[in-house]
Amino acid sequence: MQPVSPQTAYRRPGGNVTFLCQANFGVIGPAHFPQLYWTKNNSFVHGSDTTSRANKDGSYSMNNTLTLTDLTEEDFGEYVCTAHTTFGYAQENATLVNGDPPITIQDRIFHHAHPAAITCPLLFLVLVAVLVLVYKTCQLEIQLLWKDYFAQFEDDDYKKCDAIREDYTFDLDQLQGTHFSFEVRASRDVRIALSNQRASTPDMFEIVIGAEWNARSLVRKQGYLLMMVATQDVLSPKEWRRFWVTFMDGTLEVGRQGELEPFLRWRDPDLAKVKYVGYSSGSDDKVKLKFADLGTKDHDVIILYDQAQLGFVLNTLRVFLEDTCNLVVAMEDLDFEIGIDIAENWVEFVEKARHCLIVLSQDFLRNQWLQFGFSVALERMLTRNSRITIIEYETVQEIEDFREWKSLRHTMKAVKCIKWSDTDLHSPASRFWKELRFQMPKKRVPSTIHRRRTTCTTGTGSTCNSQTSLLPALSSSESTASYKPDIIRVESETVGNGVGGHRGGLGKIDVIPEHESIDFDNNDVQPASAAYHSLVRRNESNLSDNVFFPNGYEISYL
């Protein structure tokens with residue numbers, strides 16, 4: 001016997017309802033009196049319609065349809081459908097309820113809810129689908145955007161300095177590199193010391209930011225002023241201001257975060273001796289100071305390559321890393337020290353680099369020194385969290401040397417591998433360059449002093465011409481502006497120790513930021529014919545009419 005359909009019906013008085021009851025009695029004869037009927041409260045319900053049929057398998061079925069019209073209060077209740085034979089009976093129930101059916105969740109959403117309740121979820125689903133599609137299509141561009149604006153800088157361990165005193169404090173670790181950055185909140189006169197000892201020394205360098213009531217910044221050595229430039233409101237007591245410092249190859253540069261050009265630059269060979277950083281304040285105002293990037297690495301990237309790819313590395317890859325990614329790049333042909341064992345060079349430069357970039361080619365696989373350099377880089381990656389990126393310059397998977405180099409094969413599965421194509425050479429916006437930029441370190445400290453401009457011709461008898469530019473003004477890069485501070489003040493007990501010089505007394509002289517000479521008698525300014533920088537005599541100095549910079553000093557702009 002099948003359940004009644006429907007088992008529960010909801011109606012109002014005056015309405016109509018129909019119940020269907022079905023039963024299969026099996027193979028049975030008329031002698032067993034098969035019956036199918038409805039009852040309510042143990043009383044027969046009249047008005048039902050019963051039909052019967054014999055099935056092909058010999059069984060006997062009956063249907064009983066109960067139809068109630070113009071319902072009254074007495075019609076509501078429970079109805080029982082009974083299938084009865086001489087062998088026994090079976091029953092199924094049906095209920096007629098006075099009222100409306102309960103409202104389901106679907107009914108609430110689609111029939112009773114405000115249209116916005118339907119539209120908003122649909123719009124949300126559409127928006128999610130669109131965002132997923134955009135992310136799949138522009139995943140690399142979105143990652144680059146995130147890296148540029150939100151990702152943390154590498155080597156970004158801050159050292160907070162709370163107690164800023166008038167005397168220098170040297171509580172930072174010894175520098176392992178040649179650059180660092182710091183953030184400061186102060187109204188004026190923040191001082192940074194560069195020393196070869198963990199203490200103040202007579203020959204240490206002093207960088208003063210916001211001197212003369214936050215109007216100028218300067219560099220001093222041994223208490224004597226080396227240079228001073230106007231930097232009005234360079235500090236702020238209400239917000240953090242970030243600066244970077246580099247002192248590589250005897251050149252000191254200080255600049256604002258986000259600016260490539262420094263506002264302080266000075267040359268001195270003693271800068272190579274700097275090992276420690278100190279800090280102090282020249283005022284009683286409250287000063288907050290934080291250091292970061294304390295010179296843990298000298299280079300951002302070291303490139304491992306074979307000489308067959310020298311032209312590509314020197315003229316294409318290195319230029320992109322320096323100009324676009326603003327990285328300090330180390331490579332064998334430009335940086336390895338002559339006279340030192342090549343293995344020692346590899347260990348030293350890989351140790352001082354944040355990232356190792358491998359230009360993988362068939363020649364690379366056969367170069368034993370590159371295999372050694374790769375093993376050093378791999379050891380640094382596994383033990384000191386250095387990173388490796390591989391550029392597949394050529395297909396090497398079918399080369400026997402590649403199949404035998406197990407560590408390289410395993411490394412390629414664990415690190416990012418970027419395929420190079422000759423078409424990428426003329427497509428600066430191609431996916432190759434985007435992937436490479438995403439893999440490179442994010443720099444906090446710009447490094448214009450490390451820029452090289454090198455021309456290289458490859459082929460038989462290939463030659464490379466390297467020219468290191470410590471000053472942007474001397475660089476052949478058109479994108480680097482010439483550095484011309486408004487005024488530089490020099491104090492020395494001996495001023496003009498050389499051509500046209502004068503000895504005796506403490507001289508104070510201001511440098512004109514041009515190649516000019518001064519006729520003090522006629523107040524005439526003439527172009528300088530000598531290779532020296534001309535100076536303006538100040539009233540308090542006792543100098544001859546033509547005062548030139550002493551032989552022992554160098555001006556950092558030319």
# chains A, B, ... in the order shown; residues from 1 in each chain; ligands from 1
>>> residues_around(residues="segment 68-75 of chain A", least_positions_apart="2", cutoff="7 Å", atoms="only C-alpha atoms", output="mmCIF file with C-alpha atoms, in the first residue's frame")
data_model
loop_
_atom_site.group_PDB
_atom_site.id
_atom_site.type_symbol
_atom_site.label_atom_id
_atom_site.label_comp_id
_atom_site.auth_asym_id
_atom_site.auth_seq_id
_atom_site.Cartn_x
_atom_site.Cartn_y
_atom_site.Cartn_z
ATOM 1 C CA PRO A 13 -13.446 26.786 4.984
ATOM 2 C CA GLY A 14 -15.205 26.870 1.646
ATOM 3 C CA GLY A 15 -12.225 25.390 -0.174
ATOM 4 C CA ASN A 16 -11.773 22.044 -1.930
ATOM 5 C CA VAL A 17 -9.314 19.179 -1.410
ATOM 6 C CA THR A 18 -8.532 15.842 -3.035
ATOM 7 C CA LEU A 66 -11.592 11.291 -1.997
ATOM 8 C CA GLY A 77 -9.292 16.404 10.763
#
>>> residues_around(residues="Phe291 of chain A", least_positions_apart="4", cutoff="10 Å", atoms="only C-alpha atoms", output="PyMOL selection string")
chain A and resi 156-161+172+180-184+242-244+277
>>> select_by_dssp(residues="segment 107-268 of chain A", states="alpha helix (DSSP H)", output="ChimeraX atom specification")
/A:107,115-137,139-149,211-214
>>> residues_around(residues="segment 332-348 of chain A", least_positions_apart="3", cutoff="7 Å", atoms="only C-alpha atoms", output="PyMOL selection string")
chain A and resi 351-352+373+376
>>> closest_residue(among="A:Ser421, A:Asn326, A:Gln397, A:Asn367", to="Gln307 of chain A", atoms="only C-alpha atoms")
A:Asn367
>>> closest_residue(among="A:Thr86, A:Thr383, A:Ser280, A:Ser236", to="Val208 of chain A", atoms="only C-alpha atoms")
A:Ser280
